[in-house]
>>> print(open('work_17.txt').read())   # compact mmCIF, C-alpha atoms
# COMPACT_ATOMS: atom_id res chain seq x y z
CA MET Z 284 -113.94 -87.97 45.40
CA SER Z 285 -110.28 -87.10 45.02
CA ASN Z 286 -109.22 -83.50 44.48
CA ASN Z 287 -107.92 -84.14 40.97
CA ARG Z 288 -111.37 -85.33 39.87
CA ARG Z 289 -113.29 -82.35 41.15
CA PRO Z 290 -112.30 -80.07 38.22
CA LEU Z 291 -113.54 -82.74 35.81
CA LYS Z 292 -116.87 -82.84 37.62
CA ARG Z 293 -117.18 -79.05 37.41
CA ILE Z 294 -116.37 -79.12 33.69
CA ARG Z 295 -119.07 -81.75 33.09
CA GLN Z 296 -121.55 -79.59 35.00
CA MET Z 297 -120.64 -76.52 32.96
CA ILE Z 298 -120.90 -78.37 29.65
CA LEU Z 299 -124.38 -79.55 30.68
CA ILE Z 300 -125.38 -76.00 31.56
CA CYS Z 301 -124.01 -74.69 28.26
CA SER Z 302 -125.95 -77.35 26.37
CA MET Z 303 -129.13 -76.30 28.16
CA CYS Z 304 -128.49 -72.66 27.22
CA VAL Z 305 -128.04 -73.60 23.56
CA VAL Z 306 -131.20 -75.73 23.56
CA SER Z 307 -133.15 -72.95 25.26
CA SER Z 308 -131.91 -70.43 22.69
CA THR Z 309 -132.86 -72.67 19.77
CA HIS Z 310 -136.27 -73.42 21.29
CA THR Z 311 -136.98 -69.72 21.79
CA PHE Z 312 -135.90 -69.01 18.23
CA ALA Z 313 -138.15 -71.75 16.89
CA GLN Z 314 -141.17 -70.47 18.78
CA THR Z 315 -140.74 -66.95 17.48
CA THR Z 316 -139.89 -67.69 13.85
CA THR Z 317 -141.46 -70.98 12.75
CA GLN Z 318 -144.97 -70.44 14.09
CA PRO Z 319 -146.29 -67.39 12.25
CA ASP Z 320 -149.59 -65.94 13.39
CA SER Z 321 -152.32 -66.89 10.91
CA SER Z 322 -153.88 -63.46 11.36
CA LEU Z 323 -150.77 -61.99 9.72
CA ALA Z 324 -151.20 -63.91 6.49
CA GLY Z 325 -150.83 -61.64 3.51
CA GLN Z 326 -149.18 -58.91 5.57
CA HIS Z 327 -145.57 -57.78 5.41
CA THR Z 328 -143.17 -60.62 6.26
CA ALA Z 329 -141.27 -58.34 8.65
CA PHE Z 330 -143.89 -59.19 11.24
CA VAL Z 331 -143.54 -62.95 10.73
CA GLN Z 332 -139.79 -63.31 11.10
CA PRO Z 333 -137.34 -61.19 13.10
CA LYS Z 334 -135.51 -58.56 11.09
CA HIS Z 335 -132.17 -58.89 12.79
CA ILE Z 336 -132.06 -61.99 15.02
CA THR Z 337 -131.55 -65.30 13.24
CA LEU Z 338 -130.39 -68.74 14.28
CA LYS Z 339 -126.86 -67.72 13.23
CA SER Z 340 -126.97 -65.07 15.96
CA PHE Z 341 -126.57 -67.82 18.55
CA ILE Z 342 -123.58 -69.59 17.01
CA LEU Z 343 -120.93 -67.21 18.38
CA PRO Z 344 -122.24 -66.98 21.98
CA SER Z 345 -122.77 -70.75 22.11
CA ALA Z 346 -119.19 -71.32 20.88
CA LEU Z 347 -117.78 -68.89 23.44
CA ILE Z 348 -119.73 -70.42 26.31
CA THR Z 349 -118.72 -73.96 25.36
CA THR Z 350 -115.07 -72.96 24.92
CA GLY Z 351 -115.07 -71.30 28.33
CA ALA Z 352 -116.58 -74.39 29.92
CA LEU Z 353 -114.14 -76.78 28.27
CA THR Z 354 -111.07 -74.74 29.24
CA SER Z 355 -112.16 -74.03 32.82
CA SER Z 356 -109.72 -75.35 35.43
CA SER Z 357 -107.44 -76.48 32.62
CA GLU Z 358 -103.79 -76.01 31.69
CA PHE Z 359 -104.87 -73.10 29.50
CA ASP Z 360 -106.12 -71.17 32.54
CA GLN Z 361 -102.93 -71.94 34.43
CA LYS Z 362 -100.72 -70.73 31.56
CA VAL Z 363 -102.60 -67.43 31.25
CA LYS Z 364 -102.48 -67.01 35.03
CA GLY Z 365 -98.74 -67.72 34.97
CA LYS Z 366 -98.10 -65.06 32.33
CA ARG Z 367 -100.19 -62.59 34.29
CA ASP Z 368 -98.26 -63.29 37.49
CA GLU Z 369 -94.95 -63.02 35.63
CA HIS Z 370 -95.56 -59.70 33.89
CA PHE Z 371 -98.42 -57.98 35.77
CA SER Z 372 -98.14 -59.24 39.35
CA THR Z 373 -98.67 -55.77 40.85
CA PHE Z 374 -101.29 -54.60 38.35
CA HIS Z 375 -104.51 -53.23 39.77
CA THR Z 376 -107.21 -50.92 38.45
CA SER Z 377 -110.89 -50.28 39.11
CA VAL Z 378 -111.55 -49.01 35.57
CA ASP Z 379 -113.29 -52.26 34.65
CA ASN Z 380 -115.97 -51.58 37.27
CA TYR Z 381 -117.10 -48.60 35.18
CA LEU Z 382 -116.04 -49.64 31.70
CA GLN Z 383 -118.55 -52.50 31.76
CA PHE Z 384 -121.41 -49.97 31.50
CA VAL Z 385 -119.87 -47.70 28.85
CA SER Z 386 -121.75 -49.17 25.86
CA ILE Z 387 -125.14 -48.83 27.54
CA ALA Z 388 -124.35 -45.25 28.57
CA ALA Z 389 -123.15 -44.50 25.03
CA GLY Z 390 -126.49 -45.76 23.75
CA TYR Z 391 -128.37 -43.22 25.84
CA GLY Z 392 -126.01 -40.58 24.50
CA MET Z 393 -126.91 -41.61 20.95
CA LEU Z 394 -130.61 -41.06 21.78
CA ILE Z 395 -130.11 -37.32 22.31
CA ASN Z 396 -131.87 -35.46 19.49
CA ASN Z 397 -132.26 -38.76 17.61
CA LYS Z 398 -135.84 -39.16 16.36
CA GLU Z 399 -135.09 -42.45 14.61
CA HIS Z 400 -134.73 -44.33 17.92
CA SER Z 401 -137.05 -44.60 20.91
CA PHE Z 402 -135.85 -43.97 24.46
CA TRP Z 403 -138.41 -46.44 25.84
CA HIS Z 404 -137.65 -49.12 23.28
CA TYR Z 405 -133.94 -48.92 24.07
CA THR Z 406 -134.63 -48.93 27.82
CA GLU Z 407 -136.87 -51.98 27.40
CA LYS Z 408 -133.95 -53.81 25.78
CA VAL Z 409 -131.56 -52.76 28.54
CA VAL Z 410 -133.86 -53.75 31.40
CA LEU Z 411 -134.84 -57.11 29.91
CA THR Z 412 -131.20 -57.94 29.13
CA GLU Z 413 -130.15 -57.06 32.69
CA VAL Z 414 -132.82 -59.38 34.08
CA MET Z 415 -131.84 -62.11 31.61
CA LEU Z 416 -128.11 -62.04 32.33
CA ASN Z 417 -128.61 -62.05 36.10
CA VAL Z 418 -131.05 -64.96 35.88
CA ILE Z 419 -128.48 -66.90 33.85
CA VAL Z 420 -125.15 -65.94 35.43
CA GLN Z 421 -125.81 -65.92 39.16
CA PRO Z 422 -127.16 -69.51 39.39
CA ILE Z 423 -124.28 -70.78 37.22
CA LYS Z 424 -121.76 -69.19 39.57
CA HIS Z 425 -123.27 -71.02 42.53
CA ILE Z 426 -123.62 -74.33 40.68
CA THR Z 427 -120.11 -74.52 39.23
CA LYS Z 428 -118.33 -73.10 42.31
CA VAL Z 429 -115.11 -72.31 40.46
CA PRO Z 430 -112.69 -70.58 42.90
CA ARG Z 431 -111.43 -67.11 41.99
CA PRO Z 432 -107.68 -66.94 41.28
CA ASP Z 433 -107.07 -64.27 43.93
CA THR Z 434 -109.37 -65.01 46.88
CA GLY Z 435 -110.51 -68.57 46.22
CA GLU Z 436 -114.15 -67.49 46.58
CA PRO Z 437 -116.22 -70.05 44.61
CA THR Z 438 -117.97 -67.53 42.32
CA SER Z 439 -115.54 -67.17 39.44
CA PHE Z 440 -117.31 -68.79 36.47
CA PRO Z 441 -118.44 -66.92 34.44
CA SER Z 442 -117.17 -63.33 34.72
CA GLY Z 443 -120.11 -61.08 35.58
CA HIS Z 444 -118.26 -57.92 34.51
CA THR Z 445 -117.48 -59.41 31.10
CA THR Z 446 -121.05 -60.65 30.71
CA GLN Z 447 -122.32 -57.16 31.46
CA ALA Z 448 -119.86 -55.52 29.06
CA PHE Z 449 -120.65 -57.79 26.10
CA ALA Z 450 -124.39 -57.60 26.74
CA GLY Z 451 -124.18 -53.81 26.62
CA ALA Z 452 -122.02 -53.85 23.49
CA THR Z 453 -124.48 -56.18 21.75
CA ILE Z 454 -127.47 -53.98 22.62
CA PHE Z 455 -125.60 -50.90 21.42
CA CYS Z 456 -124.53 -52.49 18.13
CA ASP Z 457 -127.95 -53.98 17.37
CA GLU Z 458 -129.59 -50.60 17.96
CA PHE Z 459 -127.10 -48.05 16.62
CA ALA Z 460 -124.17 -49.69 14.84
CA ARG Z 461 -125.68 -52.38 12.65
CA HIS Z 462 -124.08 -50.90 9.53
CA ASN Z 463 -121.22 -49.00 11.16
CA ILE Z 464 -118.05 -51.07 11.41
CA LEU Z 465 -116.19 -48.41 13.40
CA LEU Z 466 -118.86 -48.16 16.11
CA THR Z 467 -119.16 -51.95 16.26
CA ALA Z 468 -115.39 -52.40 16.64
CA THR Z 469 -115.27 -49.71 19.32
CA ALA Z 470 -118.11 -51.20 21.35
CA TYR Z 471 -116.77 -54.74 21.30
CA SER Z 472 -113.18 -53.59 21.88
CA SER Z 473 -114.40 -51.83 25.01
CA ALA Z 474 -116.13 -55.02 26.15
CA ALA Z 475 -113.02 -57.10 25.41
CA ALA Z 476 -110.93 -54.63 27.43
CA VAL Z 477 -113.13 -55.36 30.44
CA GLY Z 478 -112.38 -59.06 30.12
CA VAL Z 479 -108.64 -58.43 29.82
CA LEU Z 480 -108.68 -56.17 32.88
CA ARG Z 481 -110.52 -58.83 34.91
CA ILE Z 482 -107.65 -61.22 34.15
CA LEU Z 483 -104.94 -58.64 34.83
CA ASN Z 484 -106.64 -57.75 38.12
CA ASP Z 485 -106.41 -61.46 38.98
CA ARG Z 486 -110.15 -61.56 39.60
CA HIS Z 487 -110.93 -64.14 36.93
CA TRP Z 488 -109.49 -66.99 34.90
CA ALA Z 489 -109.33 -66.63 31.12
CA SER Z 490 -112.08 -69.23 30.73
CA ASP Z 491 -114.39 -67.15 32.94
CA VAL Z 492 -113.95 -64.21 30.60
CA ILE Z 493 -114.49 -66.24 27.42
CA ALA Z 494 -117.70 -67.72 28.78
CA GLY Z 495 -118.79 -64.33 30.13
CA ALA Z 496 -118.54 -62.85 26.63
CA GLY Z 497 -120.78 -65.62 25.34
CA PHE Z 498 -123.35 -65.24 28.10
CA GLY Z 499 -123.45 -61.47 27.54
CA ILE Z 500 -124.15 -61.79 23.81
CA LEU Z 501 -126.64 -64.60 24.46
CA SER Z 502 -128.59 -62.52 27.02
CA ALA Z 503 -128.90 -59.59 24.62
CA LYS Z 504 -129.96 -61.77 21.69
CA LEU Z 505 -132.58 -63.63 23.73
CA SER Z 506 -133.97 -60.33 25.00
CA GLU Z 507 -134.19 -59.03 21.44
CA LEU Z 508 -136.11 -62.14 20.40
CA ILE Z 509 -138.59 -61.70 23.24
CA ILE Z 510 -139.15 -58.04 22.38
CA GLU Z 511 -139.61 -58.81 18.68
CA SER Z 512 -142.09 -61.59 19.49
CA HIS Z 513 -144.06 -59.23 21.72
CA ALA Z 514 -144.07 -56.57 19.00
CA ARG Z 515 -145.46 -59.03 16.44
CA LYS Z 516 -148.25 -60.09 18.80
CA HIS Z 517 -149.08 -56.47 19.54
CA HIS Z 518 -149.20 -55.70 15.81
CA SER Z 519 -151.44 -58.71 15.21
CA SER Z 520 -153.82 -57.69 17.99
CA TYR Z 521 -153.94 -54.13 16.65
CA ASN Z 522 -154.82 -55.31 13.11
CA ASN Z 523 -157.50 -57.66 14.41
CA HIS Z 524 -159.27 -54.70 15.99
CA LEU Z 525 -159.22 -52.59 12.82
>>> encode(input="work_17.txt", output="structure tokens")
Amino acid sequence: MSNNRRPLKRIRQMILICSMCVVSSTHTFAQTTTQPDSSLAGQHTAFVQPKHITLKSFILPSALITTGALTSSSEFDQKVKGKRDEHFSTFHTSVDNYLQFVSIAAGYGMLINNKEHSFWHYTEKVVLTEVMLNVIVQPIKHITKVPRPDTGEPTSFPSGHTTQAFAGATIFCDEFARHNILLTATAYSSAAAVGVLRILNDRHWASDVIAGAGFGILSAKLSELIIESHARKHHSSYNNHL
């Protein structure tokens, strides 16, 4: 295969992977919302359908992932890289290595003297999301083999730092900032800053960052669905023993 066809092959692979992620998300959603437990009949509907996670929750991450896949190894990436090289050729910072965890750390700060939220419930979300994003991102990196813009190492797509940052921001917002626009804007601005810094550091292409944002949100939303499903089953089992 000629060199100019290899990027097209990688893009096809990434689109297939993105499609599988979307299908998996929809399937998980269907299992947890369209098959109510018969033992819950007559009880509060909050235990039949998720309170916060709906099918619409997966539209944005799916769009980001697909956009990242379609623009990978494209003229768009080259233009962004060119602007970076023109204006920020000597830029370097390690702030993004720490900024990616700020939202999760802020969440633990919000738990101090806060009786409305559970330390263990929040930690369960964090741990499950971490497992989810690593299970998703690491195999994709090795399958797509997109070279990094600085070293050429074939582990560029998607951006792990950006995935981590947006996953943390999503957990934080779902738990503490659902009705607070200022906290939501701050959390996601922090996550977006990580993506920008990855580009300015020449560690990732723009498409890696776009897809990473999608994978981060997707990981957090899937984890929330799993936790909600488990909570409903636990509630059902508890009522059956009353």
>>> residues_around(input="work_17.txt", residues="Val409 (chain Z)", least_positions_apart="4", cutoff="12 Å", atoms="all atoms listed in the file", output="MDAnalysis selection string")
chainID Z and resid 384 386:388 390:391 402:405 413:416 447 450:455 457:458 499 502:507 510
>>> residues_around(input="work_17.txt", residues="Thr376 (chain Z)", least_positions_apart="6", cutoff="9 Å", atoms="all atoms listed in the file", output="PyMOL selection string")
chain Z and resi 480+483-484
>>> atom_distance(input="work_17.txt", atom1="CA of Ser512 (chain Z)", atom2="CA of Ile423 (chain Z)")
26.8 Å
>>> closest_residue(input="work_17.txt", among="Z:His444, Z:Lys408, Z:Arg486, Z:His400", to="Val429 (chain Z)", atoms="all atoms listed in the file")
Z:Arg486
>>> closest_residue(input="work_17.txt", among="Z:Ser345, Z:Phe459, Z:Ala448, Z:Gly495", to="Met393 (chain Z)", atoms="all atoms listed in the file")
Z:Phe459
>>> atom_distance(input="work_17.txt", atom1="CA of Val479 (chain Z)", atom2="CA of Val492 (chain Z)")
7.9 Å
>>> residues_around(input="work_17.txt", residues="Asp491 (chain Z)", least_positions_apart="5", cutoff="7 Å", atoms="only C-alpha atoms", output="PDB file with C-alpha atoms, in the frame of the given file")
ATOM      1  CA  GLY Z 351    -115.070 -71.300  28.330  1.00  0.00           C
ATOM      2  CA  SER Z 439    -115.540 -67.170  39.440  1.00  0.00           C
ATOM      3  CA  PHE Z 440    -117.310 -68.790  36.470  1.00  0.00           C
ATOM      4  CA  PRO Z 441    -118.440 -66.920  34.440  1.00  0.00           C
ATOM      5  CA  SER Z 442    -117.170 -63.330  34.720  1.00  0.00           C
TER       6      SER Z 442
END
>>> atom_distance(input="work_17.txt", atom1="CA of Ala352 (chain Z)", atom2="CA of Thr427 (chain Z)")
10.0 Å
>>> closest_residue(input="work_17.txt", among="Z:Arg367, Z:Lys398, Z:His513, Z:His487", to="Pro430 (chain Z)", atoms="only C-alpha atoms")
Z:His487
>>> closest_residue(input="work_17.txt", among="Z:Ser490, Z:Asn397, Z:Thr434, Z:Ser377", to="Ser355 (chain Z)", atoms="all atoms listed in the file")
Z:Ser490
>>> axis_aligned_box(input="work_17.txt", around="region 404-418 of chain Z", padding_each_side="5 Å", output="JSON")
{"center_x": -132.9, "center_y": -56.9, "center_z": 29.7, "size_x": 19.5, "size_y": 26.0, "size_z": 22.8}
>>> decode(input="work_17.txt", residues="region 352-368 of chain Z", atoms="N, CA and C atoms", output="mmCIF file, in the first residue's frame")
data_model
loop_
_atom_site.group_PDB
_atom_site.id
_atom_site.type_symbol
_atom_site.label_atom_id
_atom_site.label_comp_id
_atom_site.auth_asym_id
_atom_site.auth_seq_id
_atom_site.Cartn_x
_atom_site.Cartn_y
_atom_site.Cartn_z
ATOM 1 N N ALA Z 352 -12.073 11.676 14.412
ATOM 2 C CA ALA Z 352 -11.675 10.602 13.503
ATOM 3 C C ALA Z 352 -11.635 11.069 12.053
ATOM 4 N N LEU Z 353 -12.637 11.856 11.670
ATOM 5 C CA LEU Z 353 -12.717 12.312 10.278
ATOM 6 C C LEU Z 353 -11.624 13.326 9.925
ATOM 7 N N THR Z 354 -11.163 14.083 10.910
ATOM 8 C CA THR Z 354 -10.148 15.114 10.629
ATOM 9 C C THR Z 354 -8.732 14.634 10.915
ATOM 10 N N SER Z 355 -8.586 13.402 11.413
ATOM 11 C CA SER Z 355 -7.250 12.886 11.703
ATOM 12 C C SER Z 355 -6.427 12.738 10.422
ATOM 13 N N SER Z 356 -5.173 13.150 10.497
ATOM 14 C CA SER Z 356 -4.262 13.067 9.351
ATOM 15 C C SER Z 356 -4.777 13.854 8.148
ATOM 16 N N SER Z 357 -5.508 14.915 8.423
ATOM 17 C CA SER Z 357 -6.100 15.707 7.341
ATOM 18 C C SER Z 357 -5.414 17.064 7.216
ATOM 19 N N GLU Z 358 -5.888 17.850 6.256
ATOM 20 C CA GLU Z 358 -5.353 19.201 6.057
ATOM 21 C C GLU Z 358 -5.614 20.074 7.277
ATOM 22 N N PHE Z 359 -6.733 19.799 7.967
ATOM 23 C CA PHE Z 359 -7.063 20.550 9.178
ATOM 24 C C PHE Z 359 -5.957 20.411 10.225
ATOM 25 N N ASP Z 360 -5.510 19.178 10.460
ATOM 26 C CA ASP Z 360 -4.426 18.947 11.415
ATOM 27 C C ASP Z 360 -3.159 19.679 11.001
ATOM 28 N N GLN Z 361 -2.864 19.639 9.706
ATOM 29 C CA GLN Z 361 -1.645 20.276 9.213
ATOM 30 C C GLN Z 361 -1.705 21.793 9.362
ATOM 31 N N LYS Z 362 -2.881 22.383 9.158
ATOM 32 C CA LYS Z 362 -3.025 23.829 9.301
ATOM 33 C C LYS Z 362 -2.834 24.261 10.746
ATOM 34 N N VAL Z 363 -3.447 23.508 11.676
ATOM 35 C CA VAL Z 363 -3.298 23.836 13.094
ATOM 36 C C VAL Z 363 -1.846 23.677 13.520
ATOM 37 N N LYS Z 364 -1.223 22.606 13.051
ATOM 38 C CA LYS Z 364 0.196 22.361 13.353
ATOM 39 C C LYS Z 364 1.069 23.498 12.792
ATOM 40 N N GLY Z 365 0.726 23.966 11.594
ATOM 41 C CA GLY Z 365 1.485 25.044 10.978
ATOM 42 C C GLY Z 365 1.383 26.336 11.775
ATOM 43 N N LYS Z 366 0.186 26.659 12.254
ATOM 44 C CA LYS Z 366 0.002 27.852 13.073
ATOM 45 C C LYS Z 366 0.764 27.731 14.386
ATOM 46 N N ARG Z 367 0.735 26.529 14.951
ATOM 47 C CA ARG Z 367 1.468 26.307 16.199
ATOM 48 C C ARG Z 367 2.959 26.523 15.980
ATOM 49 N N ASP Z 368 3.495 25.944 14.916
ATOM 50 C CA ASP Z 368 4.930 26.069 14.624
ATOM 51 C C ASP Z 368 5.320 27.515 14.312
#
